[in-house]
$ cat final.cif   # mmCIF, C-alpha atoms and all ligand atoms
data_run
#
loop_
_atom_site.group_PDB
_atom_site.id
_atom_site.type_symbol
_atom_site.label_atom_id
_atom_site.label_comp_id
_atom_site.auth_asym_id
_atom_site.auth_seq_id
_atom_site.Cartn_x
_atom_site.Cartn_y
_atom_site.Cartn_z
ATOM 1 C CA MET P 11 -17.557 -21.066 5.369
ATOM 2 C CA PRO P 12 -18.732 -17.455 5.336
ATOM 3 C CA LEU P 13 -19.170 -15.234 8.358
ATOM 4 C CA VAL P 14 -22.639 -13.863 8.891
ATOM 5 C CA LEU P 15 -23.740 -10.905 10.961
ATOM 6 C CA ASP P 16 -26.487 -11.005 13.569
ATOM 7 C CA ASP P 17 -29.516 -8.687 13.520
ATOM 8 C CA GLU P 18 -27.457 -5.861 15.020
ATOM 9 C CA SER P 19 -24.570 -6.166 12.517
ATOM 10 C CA ASN P 20 -22.340 -7.770 15.124
ATOM 11 C CA ILE P 21 -19.586 -9.926 13.719
ATOM 12 C CA ILE P 22 -18.340 -10.889 17.194
ATOM 13 C CA ARG P 23 -20.434 -11.648 20.247
ATOM 14 C CA ILE P 24 -18.982 -12.679 23.582
ATOM 15 C CA GLU P 25 -21.481 -13.994 26.128
ATOM 16 C CA ASP P 26 -20.594 -14.579 29.772
ATOM 17 C CA LEU P 27 -17.095 -15.745 28.905
ATOM 18 C CA HIS P 28 -15.257 -17.414 31.763
ATOM 19 C CA LYS P 29 -11.719 -18.703 31.666
ATOM 20 C CA SER P 30 -9.742 -20.307 34.456
ATOM 21 C CA PHE P 31 -6.189 -21.548 34.543
ATOM 22 C CA GLY P 32 -6.322 -24.143 37.295
ATOM 23 C CA SER P 33 -7.896 -22.386 40.255
ATOM 24 C CA ASN P 34 -7.085 -18.930 38.871
ATOM 25 C CA GLU P 35 -10.234 -17.461 37.337
ATOM 26 C CA VAL P 36 -8.857 -14.970 34.842
ATOM 27 C CA LEU P 37 -12.051 -14.062 32.962
ATOM 28 C CA LYS P 38 -15.093 -13.703 35.183
ATOM 29 C CA GLY P 39 -17.956 -13.300 32.784
ATOM 30 C CA ILE P 40 -17.112 -11.079 29.820
ATOM 31 C CA ASN P 41 -19.916 -9.756 27.635
ATOM 32 C CA ALA P 42 -19.115 -7.758 24.520
ATOM 33 C CA GLN P 43 -20.138 -7.262 20.915
ATOM 34 C CA VAL P 44 -18.245 -5.905 17.944
ATOM 35 C CA LYS P 45 -20.032 -4.648 14.874
ATOM 36 C CA THR P 46 -18.633 -5.113 11.414
ATOM 37 C CA GLY P 47 -16.287 -2.237 10.591
ATOM 38 C CA GLU P 48 -15.963 -1.243 14.212
ATOM 39 C CA VAL P 49 -12.616 -0.483 15.867
ATOM 40 C CA VAL P 50 -12.597 -1.467 19.515
ATOM 41 C CA CYS P 51 -9.635 -0.708 21.765
ATOM 42 C CA VAL P 52 -9.191 -2.733 24.931
ATOM 43 C CA ILE P 53 -7.274 -1.054 27.720
ATOM 44 C CA GLY P 54 -6.574 -2.082 31.277
ATOM 45 C CA PRO P 55 -3.862 -2.999 33.753
ATOM 46 C CA SER P 56 -1.437 -5.815 33.165
ATOM 47 C CA GLY P 57 -2.893 -9.174 34.183
ATOM 48 C CA SER P 58 -6.507 -8.088 33.777
ATOM 49 C CA GLY P 59 -7.177 -10.728 31.099
ATOM 50 C CA LYS P 60 -6.947 -8.681 27.875
ATOM 51 C CA SER P 61 -4.724 -11.138 26.020
ATOM 52 C CA THR P 62 -6.790 -14.074 27.242
ATOM 53 C CA VAL P 63 -9.936 -12.543 25.743
ATOM 54 C CA LEU P 64 -8.204 -12.051 22.384
ATOM 55 C CA ARG P 65 -6.864 -15.598 22.498
ATOM 56 C CA CYS P 66 -10.359 -16.937 23.171
ATOM 57 C CA LEU P 67 -11.506 -15.196 19.970
ATOM 58 C CA ASN P 68 -9.598 -17.626 17.786
ATOM 59 C CA ARG P 69 -9.508 -20.425 20.321
ATOM 60 C CA LEU P 70 -5.828 -20.190 21.073
ATOM 61 C CA GLU P 71 -7.398 -20.551 24.528
ATOM 62 C CA GLU P 72 -10.556 -22.519 25.128
ATOM 63 C CA ALA P 73 -13.286 -20.914 27.181
ATOM 64 C CA THR P 74 -14.094 -22.590 30.498
ATOM 65 C CA SER P 75 -17.708 -21.556 29.974
ATOM 66 C CA GLY P 76 -19.720 -19.050 27.988
ATOM 67 C CA ASN P 77 -19.933 -18.449 24.273
ATOM 68 C CA VAL P 78 -17.864 -16.702 21.649
ATOM 69 C CA TRP P 79 -19.588 -16.166 18.333
ATOM 70 C CA ILE P 80 -17.524 -15.209 15.296
ATOM 71 C CA GLY P 81 -19.688 -14.445 12.295
ATOM 72 C CA GLY P 82 -22.394 -16.795 13.470
ATOM 73 C CA HIS P 83 -20.054 -19.655 14.444
ATOM 74 C CA ASN P 84 -19.994 -20.573 18.117
ATOM 75 C CA LEU P 85 -16.403 -21.386 19.080
ATOM 76 C CA SER P 86 -17.662 -23.254 22.141
ATOM 77 C CA ASP P 87 -19.441 -25.721 19.868
ATOM 78 C CA PRO P 88 -17.133 -28.751 19.588
ATOM 79 C CA LYS P 89 -18.376 -29.297 16.042
ATOM 80 C CA VAL P 90 -17.259 -25.882 14.789
ATOM 81 C CA ASN P 91 -14.424 -26.036 12.250
ATOM 82 C CA ILE P 92 -11.987 -23.749 14.022
ATOM 83 C CA ASN P 93 -9.502 -23.710 11.151
ATOM 84 C CA GLU P 94 -12.205 -22.351 8.872
ATOM 85 C CA VAL P 95 -13.119 -19.652 11.369
ATOM 86 C CA ARG P 96 -9.439 -18.750 11.883
ATOM 87 C CA LYS P 97 -9.068 -17.977 8.170
ATOM 88 C CA HIS P 98 -11.273 -14.957 8.805
ATOM 89 C CA VAL P 99 -9.463 -13.738 11.927
ATOM 90 C CA GLY P 100 -5.959 -12.283 11.617
ATOM 91 C CA MET P 101 -3.845 -11.828 14.710
ATOM 92 C CA VAL P 102 -0.796 -9.678 15.364
ATOM 93 C CA PHE P 103 1.239 -10.191 18.517
ATOM 94 C CA GLN P 104 3.602 -8.062 20.550
ATOM 95 C CA HIS P 105 6.526 -10.203 19.399
ATOM 96 C CA PHE P 106 6.318 -10.483 15.671
ATOM 97 C CA ASN P 107 6.765 -14.265 15.424
ATOM 98 C CA LEU P 108 8.147 -14.097 11.884
ATOM 99 C CA PHE P 109 9.830 -17.220 10.535
ATOM 100 C CA PRO P 110 13.540 -16.295 10.561
ATOM 101 C CA ASN P 111 14.584 -18.847 7.943
ATOM 102 C CA MET P 112 12.277 -17.402 5.284
ATOM 103 C CA THR P 113 12.374 -14.148 3.390
ATOM 104 C CA VAL P 114 9.854 -11.430 4.128
ATOM 105 C CA ALA P 115 7.791 -12.363 1.046
ATOM 106 C CA GLU P 116 7.893 -16.063 1.928
ATOM 107 C CA ASN P 117 6.589 -15.290 5.410
ATOM 108 C CA ILE P 118 3.587 -13.614 3.814
ATOM 109 C CA MET P 119 3.114 -16.288 1.132
ATOM 110 C CA LEU P 120 3.149 -19.273 3.490
ATOM 111 C CA ALA P 121 -0.439 -19.365 4.757
ATOM 112 C CA PRO P 122 -2.076 -18.477 1.416
ATOM 113 C CA MET P 123 -0.108 -21.313 -0.221
ATOM 114 C CA GLN P 124 -0.606 -23.887 2.530
ATOM 115 C CA VAL P 125 -4.099 -23.046 3.722
ATOM 116 C CA LYS P 126 -5.672 -21.454 0.654
ATOM 117 C CA LYS P 127 -3.711 -23.549 -1.867
ATOM 118 C CA LYS P 128 -2.614 -20.490 -3.838
ATOM 119 C CA SER P 129 0.089 -20.971 -6.443
ATOM 120 C CA ARG P 130 3.537 -19.621 -5.621
ATOM 121 C CA SER P 131 3.301 -16.864 -8.237
ATOM 122 C CA GLU P 132 -0.169 -15.837 -7.140
ATOM 123 C CA ALA P 133 0.912 -15.757 -3.491
ATOM 124 C CA ARG P 134 4.018 -13.737 -4.331
ATOM 125 C CA GLU P 135 2.065 -11.202 -6.330
ATOM 126 C CA ALA P 136 -0.348 -10.740 -3.421
ATOM 127 C CA ALA P 137 2.566 -10.507 -0.971
ATOM 128 C CA LEU P 138 4.200 -7.737 -2.996
ATOM 129 C CA LYS P 139 0.965 -5.757 -3.018
ATOM 130 C CA LEU P 140 0.659 -6.127 0.738
ATOM 131 C CA LEU P 141 4.265 -5.076 1.251
ATOM 132 C CA ASP P 142 3.556 -1.987 -0.803
ATOM 133 C CA ARG P 143 0.556 -1.274 1.391
ATOM 134 C CA VAL P 144 2.675 -1.366 4.562
ATOM 135 C CA GLY P 145 5.470 0.648 2.922
ATOM 136 C CA LEU P 146 7.998 -2.172 2.550
ATOM 137 C CA SER P 147 8.027 -2.999 -1.170
ATOM 138 C CA ASP P 148 11.825 -2.962 -1.189
ATOM 139 C CA LYS P 149 12.099 -5.644 1.532
ATOM 140 C CA ALA P 150 10.432 -8.603 -0.201
ATOM 141 C CA ASP P 151 13.582 -10.678 -0.424
ATOM 142 C CA ALA P 152 15.179 -9.537 2.819
ATOM 143 C CA ARG P 153 15.460 -11.755 5.873
ATOM 144 C CA PRO P 154 13.460 -10.711 8.936
ATOM 145 C CA SER P 155 16.706 -10.440 10.935
ATOM 146 C CA SER P 156 17.801 -7.520 8.744
ATOM 147 C CA LEU P 157 14.685 -5.473 9.585
ATOM 148 C CA SER P 158 14.000 -3.024 12.383
ATOM 149 C CA GLY P 159 11.305 -3.843 14.939
ATOM 150 C CA GLY P 160 8.832 -1.512 13.265
ATOM 151 C CA GLN P 161 9.497 -3.092 9.885
ATOM 152 C CA LYS P 162 9.095 -6.590 11.351
ATOM 153 C CA GLN P 163 5.763 -5.664 12.829
ATOM 154 C CA ARG P 164 4.583 -4.221 9.525
ATOM 155 C CA VAL P 165 5.532 -7.522 7.859
ATOM 156 C CA ALA P 166 3.574 -9.372 10.563
ATOM 157 C CA ILE P 167 0.549 -7.219 9.769
ATOM 158 C CA ALA P 168 0.967 -7.875 6.025
ATOM 159 C CA ARG P 169 1.206 -11.587 6.776
ATOM 160 C CA ALA P 170 -2.048 -11.530 8.720
ATOM 161 C CA LEU P 171 -3.733 -9.534 5.935
ATOM 162 C CA ALA P 172 -2.627 -12.082 3.331
ATOM 163 C CA MET P 173 -5.462 -14.369 4.397
ATOM 164 C CA ASN P 174 -7.975 -11.595 3.667
ATOM 165 C CA PRO P 175 -9.366 -11.673 7.191
ATOM 166 C CA GLU P 176 -12.625 -9.973 8.085
ATOM 167 C CA VAL P 177 -11.438 -9.269 11.614
ATOM 168 C CA MET P 178 -7.987 -8.271 12.855
ATOM 169 C CA LEU P 179 -6.857 -8.716 16.443
ATOM 170 C CA PHE P 180 -3.831 -6.805 17.727
ATOM 171 C CA ASP P 181 -2.301 -7.683 21.070
ATOM 172 C CA GLU P 182 -0.054 -4.805 22.130
ATOM 173 C CA ALA P 183 1.382 -4.597 18.636
ATOM 174 C CA THR P 184 3.597 -1.648 19.522
ATOM 175 C CA SER P 185 4.647 -2.514 23.080
ATOM 176 C CA ALA P 186 7.911 -4.199 22.135
ATOM 177 C CA LEU P 187 9.009 -1.407 19.798
ATOM 178 C CA ASP P 188 11.488 1.363 20.352
ATOM 179 C CA PRO P 189 9.556 4.613 20.649
ATOM 180 C CA GLU P 190 10.672 5.958 17.279
ATOM 181 C CA MET P 191 9.123 2.933 15.546
ATOM 182 C CA VAL P 192 5.713 3.053 17.158
ATOM 183 C CA GLY P 193 4.371 5.687 14.769
ATOM 184 C CA GLU P 194 4.978 3.740 11.552
ATOM 185 C CA VAL P 195 3.080 0.729 12.898
ATOM 186 C CA LEU P 196 0.218 2.843 14.224
ATOM 187 C CA GLN P 197 -0.017 4.462 10.783
ATOM 188 C CA VAL P 198 -0.608 1.070 9.166
ATOM 189 C CA ILE P 199 -3.307 0.284 11.726
ATOM 190 C CA ARG P 200 -4.857 3.723 11.200
ATOM 191 C CA ASP P 201 -5.011 3.055 7.443
ATOM 192 C CA LEU P 202 -6.753 -0.270 8.085
ATOM 193 C CA ALA P 203 -9.291 1.493 10.271
ATOM 194 C CA LYS P 204 -9.984 4.000 7.481
ATOM 195 C CA GLU P 205 -10.511 1.130 5.059
ATOM 196 C CA GLY P 206 -13.222 -0.207 7.330
ATOM 197 C CA MET P 207 -11.450 -3.222 8.802
ATOM 198 C CA THR P 208 -13.100 -4.648 11.901
ATOM 199 C CA MET P 209 -10.429 -4.580 14.595
ATOM 200 C CA ILE P 210 -9.907 -5.273 18.248
ATOM 201 C CA LEU P 211 -6.754 -3.664 19.573
ATOM 202 C CA VAL P 212 -5.317 -4.279 22.988
ATOM 203 C CA THR P 213 -3.138 -1.238 23.445
ATOM 204 C CA HIS P 214 -1.288 0.959 25.912
ATOM 205 C CA GLU P 215 -1.294 3.824 23.419
ATOM 206 C CA MET P 216 -4.057 5.907 24.960
ATOM 207 C CA GLY P 217 -3.729 8.764 22.473
ATOM 208 C CA PHE P 218 -4.067 6.335 19.614
ATOM 209 C CA ALA P 219 -7.025 4.556 21.223
ATOM 210 C CA ARG P 220 -8.729 7.877 21.618
ATOM 211 C CA GLU P 221 -8.089 8.777 18.001
ATOM 212 C CA VAL P 222 -9.015 5.562 16.177
ATOM 213 C CA ALA P 223 -11.400 3.683 18.441
ATOM 214 C CA ASP P 224 -15.126 3.726 17.868
ATOM 215 C CA ARG P 225 -15.367 2.250 21.321
ATOM 216 C CA VAL P 226 -12.991 1.691 24.207
ATOM 217 C CA VAL P 227 -13.371 -1.202 26.613
ATOM 218 C CA PHE P 228 -11.688 -1.004 30.017
ATOM 219 C CA MET P 229 -10.933 -4.349 31.636
ATOM 220 C CA ALA P 230 -9.842 -4.883 35.213
ATOM 221 C CA ASP P 231 -9.613 -8.112 37.211
ATOM 222 C CA GLY P 232 -11.229 -10.254 34.536
ATOM 223 C CA VAL P 233 -14.321 -8.159 33.906
ATOM 224 C CA VAL P 234 -15.281 -5.301 31.621
ATOM 225 C CA THR P 235 -15.483 -2.456 34.085
ATOM 226 C CA GLU P 236 -16.469 0.307 31.674
ATOM 227 C CA SER P 237 -16.919 0.778 27.968
ATOM 228 C CA GLY P 238 -17.985 3.638 25.814
ATOM 229 C CA ASN P 239 -16.931 6.103 23.183
ATOM 230 C CA PRO P 240 -13.344 7.280 23.677
ATOM 231 C CA LYS P 241 -14.192 10.870 24.541
ATOM 232 C CA ASP P 242 -16.603 9.903 27.321
ATOM 233 C CA LEU P 243 -14.426 7.184 28.675
ATOM 234 C CA PHE P 244 -11.229 9.239 28.846
ATOM 235 C CA GLU P 245 -12.802 12.529 29.915
ATOM 236 C CA ASN P 246 -15.472 11.252 32.203
ATOM 237 C CA PRO P 247 -14.515 7.917 33.750
ATOM 238 C CA GLN P 248 -17.252 6.552 35.989
ATOM 239 C CA THR P 249 -15.416 4.107 38.199
ATOM 240 C CA ASP P 250 -12.556 4.635 40.640
ATOM 241 C CA ARG P 251 -10.766 1.729 38.963
ATOM 242 C CA LEU P 252 -10.683 3.513 35.607
ATOM 243 C CA LYS P 253 -9.886 6.907 37.179
ATOM 244 C CA ASP P 254 -6.969 5.312 38.961
ATOM 245 C CA PHE P 255 -5.770 3.549 35.793
ATOM 246 C CA LEU P 256 -5.991 6.711 33.688
ATOM 247 C CA SER P 257 -4.162 8.746 36.326
ATOM 248 C CA LYS P 258 -1.232 6.353 35.928
ATOM 249 C CA VAL P 259 -1.127 6.091 32.132
ATOM 250 C CA LEU P 260 -2.182 9.502 30.829
HETATM 251 P P1 LIG Q 1 -3.242 -9.046 30.210
HETATM 252 O O1 LIG Q 1 -3.106 -9.341 28.761
HETATM 253 O O2 LIG Q 1 -4.377 -8.138 30.541
HETATM 254 O O3 LIG Q 1 -1.963 -8.548 30.814
HETATM 255 P P2 LIG Q 1 -3.470 -11.905 30.453
HETATM 256 O O4 LIG Q 1 -4.725 -12.275 29.755
HETATM 257 O O5 LIG Q 1 -2.200 -12.145 29.741
HETATM 258 O O6 LIG Q 1 -3.588 -10.407 30.965
HETATM 259 O O7 LIG Q 1 -3.371 -12.704 31.812
HETATM 260 C C1 LIG Q 1 -4.365 -12.678 32.813
HETATM 261 C C2 LIG Q 1 -3.976 -13.642 33.896
HETATM 262 O O8 LIG Q 1 -4.000 -14.956 33.386
HETATM 263 C C3 LIG Q 1 -2.585 -13.426 34.470
HETATM 264 O O9 LIG Q 1 -2.664 -13.602 35.848
HETATM 265 C C4 LIG Q 1 -1.768 -14.518 33.832
HETATM 266 O O10 LIG Q 1 -0.738 -14.912 34.664
HETATM 267 C C5 LIG Q 1 -2.794 -15.620 33.649
HETATM 268 N N1 LIG Q 1 -2.492 -16.482 32.506
HETATM 269 C C6 LIG Q 1 -2.518 -16.100 31.206
HETATM 270 N N2 LIG Q 1 -2.216 -17.132 30.390
HETATM 271 C C7 LIG Q 1 -1.989 -18.200 31.199
HETATM 272 C C8 LIG Q 1 -1.634 -19.572 30.975
HETATM 273 N N3 LIG Q 1 -1.462 -20.042 29.723
HETATM 274 N N4 LIG Q 1 -1.504 -20.366 32.043
HETATM 275 C C9 LIG Q 1 -1.697 -19.898 33.293
HETATM 276 N N5 LIG Q 1 -2.017 -18.629 33.578
HETATM 277 C C10 LIG Q 1 -2.168 -17.778 32.552
HETATM 278 MG MG MG Q 2 -1.540 -9.087 27.472
#

$ encode --input "final.cif" --output "structure tokens"
Amino acid sequence: MPLVLDDESNIIRIEDLHKSFGSNEVLKGINAQVKTGEVVCVIGPSGSGKSTVLRCLNRLEEATSGNVWIGGHNLSDPKVNINEVRKHVGMVFQHFNLFPNMTVAENIMLAPMQVKKKSRSEAREAALKLLDRVGLSDKADARPSSLSGGQKQRVAIARALAMNPEVMLFDEATSALDPEMVGEVLQVIRDLAKEGMTMILVTHEMGFAREVADRVVFMADGVVTESGNPKDLFENPQTDRLKDFLSKVL
């Protein structure tokens, strides 16, 4: 099931997305588009709904109303084959969620073997290439528990890439890391950006957002308050909400 772009080269389109948990309306009408090859950074205070938006993009959360289109497939359509759509959308979390009882290579091989029915040798060969790409070729047969946080996160990125996704979602991929390990993970993400990967990154790394993002989206209280190119947004914030946020994080 291929992904198709709309007339404006958007691979993702979010239309009036609402999400409530019980009586708590967390997303209050989000509208956004992401073009193929675009890097979008989402910033905003804790609790503003950033993770919920990302989770709605692969239906880890179901929208209460509104539409999310991924490559022409409407996730709000009950007939959509969500597992097919998910093959195209890789996700990396704050906590790496590696399987501790498997080696690093096996973690990366699992989905290609189970979902894409790759042979073990084919999956291993691809895993080794991915490990090389994230600078961990010597760790293929190590257990996740023997790795540093930065190394674990690079394995998690390699694991997501193993499905050959067209879109990568990162939810605070560096927030759980010791400061000295942030750089190595950001470097992998930077390389992906250079290769033209379409990415949405929820991040607290403002310097990084400014450097890699084609566009920055500022969320507060369940709405997109401002969005624009990084230079404009960081140097010339329009709303008091964003000015206040930037004064605390910059
Ligand atoms: P952010 O990622 O911007 O910090 P989240 O999207 O995680 O914000 O959360 C937004 C709000 O939604 C918070 O108030 C949070 O408590 C609530 N929330 C998130 N997930 C759930 C859930 N599964 N059940 C109930 N409330 C949730
Ligand atoms: Mg979050």

$ residues_around --input "final.cif" --residues "His214 of chain P" --least-positions-apart "5" --cutoff "9 Å" --atoms "only C-alpha atoms" --output "short mmCIF file (atom, residue, chain, number, x, y, z; two decimals) with C-alpha atoms, in the frame of the given file"
data_model
loop_
_atom_site.label_atom_id
_atom_site.label_comp_id
_atom_site.auth_asym_id
_atom_site.auth_seq_id
_atom_site.Cartn_x
_atom_site.Cartn_y
_atom_site.Cartn_z
CA VAL P 52 -9.19 -2.73 24.93
CA ILE P 53 -7.27 -1.05 27.72
CA GLY P 54 -6.57 -2.08 31.28
CA GLU P 182 -0.05 -4.80 22.13
CA THR P 184 3.60 -1.65 19.52
CA SER P 185 4.65 -2.51 23.08
CA ALA P 219 -7.02 4.56 21.22
CA VAL P 259 -1.13 6.09 32.13
#

$ atom_distance --input "final.cif" --atom1 "atom CA of Leu64 of chain P" --atom2 "atom CA of Ile210 of chain P"
8.1 Å

$ closest_atom_pairs --input "final.cif" --of "chain P" --to "ligand MG 2 (chain Q)" --cutoff "12 Å" --atoms "all atoms listed in the file" --output "tab-separated table"
residue	atom	partner	partner_atom	distance
P:Val36	CA	Q:MG2	MG	11.9
P:Val52	CA	Q:MG2	MG	10.3
P:Ile53	CA	Q:MG2	MG	9.9
P:Gly54	CA	Q:MG2	MG	9.4
P:Pro55	CA	Q:MG2	MG	9.1
P:Ser56	CA	Q:MG2	MG	6.6
P:Gly57	CA	Q:MG2	MG	6.8
P:Ser58	CA	Q:MG2	MG	8.1
P:Gly59	CA	Q:MG2	MG	6.9
P:Lys60	CA	Q:MG2	MG	5.4
P:Ser61	CA	Q:MG2	MG	4.1
P:Thr62	CA	Q:MG2	MG	7.2
P:Val63	CA	Q:MG2	MG	9.2
P:Leu64	CA	Q:MG2	MG	8.9
P:Arg65	CA	Q:MG2	MG	9.8
P:Phe103	CA	Q:MG2	MG	9.4
P:Gln104	CA	Q:MG2	MG	8.7
P:His105	CA	Q:MG2	MG	11.5
P:Phe180	CA	Q:MG2	MG	10.3
P:Asp181	CA	Q:MG2	MG	6.6
P:Glu182	CA	Q:MG2	MG	7.0
P:Ala183	CA	Q:MG2	MG	10.3
P:Ser185	CA	Q:MG2	MG	10.0
P:Ala186	CA	Q:MG2	MG	11.9
P:Leu211	CA	Q:MG2	MG	10.9
P:Val212	CA	Q:MG2	MG	7.6
P:Thr213	CA	Q:MG2	MG	9.0
P:His214	CA	Q:MG2	MG	10.2
P:Met229	CA	Q:MG2	MG	11.3

$ residues_around --input "final.cif" --residues "Val14 of chain P" --least-positions-apart "5" --cutoff "12 Å" --atoms "all atoms listed in the file" --output "PyMOL selection string"
chain P and resi 19-23+45-46+79-84+95+98+176

$ atom_distance --input "final.cif" --atom1 "atom CA of Phe106 of chain P" --atom2 "atom CA of Gly159 of chain P"
8.3 Å

$ closest_residue --input "final.cif" --among "P:Gly32, P:Leu27, P:Gly238, P:Val44" --to "ligand LIG 1 (chain Q)" --atoms "only C-alpha atoms and all ligand atoms"
P:Gly32

$ decode --input "final.cif" --residues "segment 150-168 of chain P" --atoms "N, CA, C and O atoms" --output "PDB file, in the first residue's frame"
ATOM      1  N   ALA P 150      26.583  -5.299  17.314  1.00  0.00           N
ATOM      2  CA  ALA P 150      25.500  -6.129  16.789  1.00  0.00           C
ATOM      3  C   ALA P 150      25.075  -7.230  17.761  1.00  0.00           C
ATOM      4  O   ALA P 150      23.884  -7.491  17.934  1.00  0.00           O
ATOM      5  N   ASP P 151      26.050  -7.860  18.394  1.00  0.00           N
ATOM      6  CA  ASP P 151      25.700  -9.019  19.215  1.00  0.00           C
ATOM      7  C   ASP P 151      25.713  -8.708  20.708  1.00  0.00           C
ATOM      8  O   ASP P 151      25.660  -9.607  21.549  1.00  0.00           O
ATOM      9  N   ALA P 152      25.747  -7.410  21.014  1.00  0.00           N
ATOM     10  CA  ALA P 152      25.677  -6.999  22.423  1.00  0.00           C
ATOM     11  C   ALA P 152      24.224  -6.991  22.901  1.00  0.00           C
ATOM     12  O   ALA P 152      23.291  -6.949  22.091  1.00  0.00           O
ATOM     13  N   ARG P 153      24.048  -7.047  24.193  1.00  0.00           N
ATOM     14  CA  ARG P 153      22.712  -6.893  24.774  1.00  0.00           C
ATOM     15  C   ARG P 153      22.460  -5.398  25.016  1.00  0.00           C
ATOM     16  O   ARG P 153      23.395  -4.678  25.382  1.00  0.00           O
ATOM     17  N   PRO P 154      21.228  -4.963  24.868  1.00  0.00           N
ATOM     18  CA  PRO P 154      20.927  -3.552  25.129  1.00  0.00           C
ATOM     19  C   PRO P 154      21.420  -3.084  26.504  1.00  0.00           C
ATOM     20  O   PRO P 154      21.876  -1.949  26.642  1.00  0.00           O
ATOM     21  N   SER P 155      21.344  -3.967  27.503  1.00  0.00           N
ATOM     22  CA  SER P 155      21.726  -3.548  28.865  1.00  0.00           C
ATOM     23  C   SER P 155      23.189  -3.143  28.966  1.00  0.00           C
ATOM     24  O   SER P 155      23.573  -2.447  29.902  1.00  0.00           O
ATOM     25  N   SER P 156      24.017  -3.577  27.997  1.00  0.00           N
ATOM     26  CA  SER P 156      25.439  -3.232  28.063  1.00  0.00           C
ATOM     27  C   SER P 156      25.732  -1.891  27.378  1.00  0.00           C
ATOM     28  O   SER P 156      26.867  -1.447  27.362  1.00  0.00           O
ATOM     29  N   LEU P 157      24.705  -1.258  26.810  1.00  0.00           N
ATOM     30  CA  LEU P 157      24.926  -0.017  26.060  1.00  0.00           C
ATOM     31  C   LEU P 157      24.645   1.209  26.908  1.00  0.00           C
ATOM     32  O   LEU P 157      23.851   1.172  27.847  1.00  0.00           O
ATOM     33  N   SER P 158      25.249   2.316  26.520  1.00  0.00           N
ATOM     34  CA  SER P 158      24.923   3.608  27.137  1.00  0.00           C
ATOM     35  C   SER P 158      23.567   4.078  26.601  1.00  0.00           C
ATOM     36  O   SER P 158      23.049   3.538  25.609  1.00  0.00           O
ATOM     37  N   GLY P 159      23.016   5.089  27.239  1.00  0.00           N
ATOM     38  CA  GLY P 159      21.726   5.638  26.785  1.00  0.00           C
ATOM     39  C   GLY P 159      21.785   6.127  25.346  1.00  0.00           C
ATOM     40  O   GLY P 159      20.874   5.882  24.548  1.00  0.00           O
ATOM     41  N   GLY P 160      22.861   6.800  25.003  1.00  0.00           N
ATOM     42  CA  GLY P 160      22.993   7.324  23.637  1.00  0.00           C
ATOM     43  C   GLY P 160      23.071   6.201  22.619  1.00  0.00           C
ATOM     44  O   GLY P 160      22.495   6.279  21.529  1.00  0.00           O
ATOM     45  N   GLN P 161      23.797   5.135  23.005  1.00  0.00           N
ATOM     46  CA  GLN P 161      23.895   3.978  22.104  1.00  0.00           C
ATOM     47  C   GLN P 161      22.543   3.290  21.969  1.00  0.00           C
ATOM     48  O   GLN P 161      22.130   2.913  20.866  1.00  0.00           O
ATOM     49  N   LYS P 162      21.817   3.168  23.079  1.00  0.00           N
ATOM     50  CA  LYS P 162      20.479   2.548  23.017  1.00  0.00           C
ATOM     51  C   LYS P 162      19.567   3.334  22.089  1.00  0.00           C
ATOM     52  O   LYS P 162      18.817   2.761  21.292  1.00  0.00           O
ATOM     53  N   GLN P 163      19.635   4.643  22.189  1.00  0.00           N
ATOM     54  CA  GLN P 163      18.746   5.438  21.348  1.00  0.00           C
ATOM     55  C   GLN P 163      19.141   5.321  19.878  1.00  0.00           C
ATOM     56  O   GLN P 163      18.270   5.311  19.004  1.00  0.00           O
ATOM     57  N   ARG P 164      20.427   5.198  19.609  1.00  0.00           N
ATOM     58  CA  ARG P 164      20.840   5.017  18.213  1.00  0.00           C
ATOM     59  C   ARG P 164      20.372   3.658  17.683  1.00  0.00           C
ATOM     60  O   ARG P 164      19.994   3.540  16.517  1.00  0.00           O
ATOM     61  N   VAL P 165      20.366   2.642  18.546  1.00  0.00           N
ATOM     62  CA  VAL P 165      19.802   1.345  18.133  1.00  0.00           C
ATOM     63  C   VAL P 165      18.304   1.493  17.860  1.00  0.00           C
ATOM     64  O   VAL P 165      17.783   0.959  16.875  1.00  0.00           O
ATOM     65  N   ALA P 166      17.617   2.246  18.720  1.00  0.00           N
ATOM     66  CA  ALA P 166      16.165   2.434  18.521  1.00  0.00           C
ATOM     67  C   ALA P 166      15.897   3.131  17.187  1.00  0.00           C
ATOM     68  O   ALA P 166      14.928   2.800  16.483  1.00  0.00           O
ATOM     69  N   ILE P 167      16.753   4.059  16.822  1.00  0.00           N
ATOM     70  CA  ILE P 167      16.592   4.736  15.531  1.00  0.00           C
ATOM     71  C   ILE P 167      16.847   3.734  14.391  1.00  0.00           C
ATOM     72  O   ILE P 167      16.075   3.664  13.426  1.00  0.00           O
ATOM     73  N   ALA P 168      17.912   2.939  14.529  1.00  0.00           N
ATOM     74  CA  ALA P 168      18.209   1.927  13.501  1.00  0.00           C
ATOM     75  C   ALA P 168      17.044   0.950  13.374  1.00  0.00           C
ATOM     76  O   ALA P 168      16.660   0.557  12.265  1.00  0.00           O
TER      77      ALA P 168
END
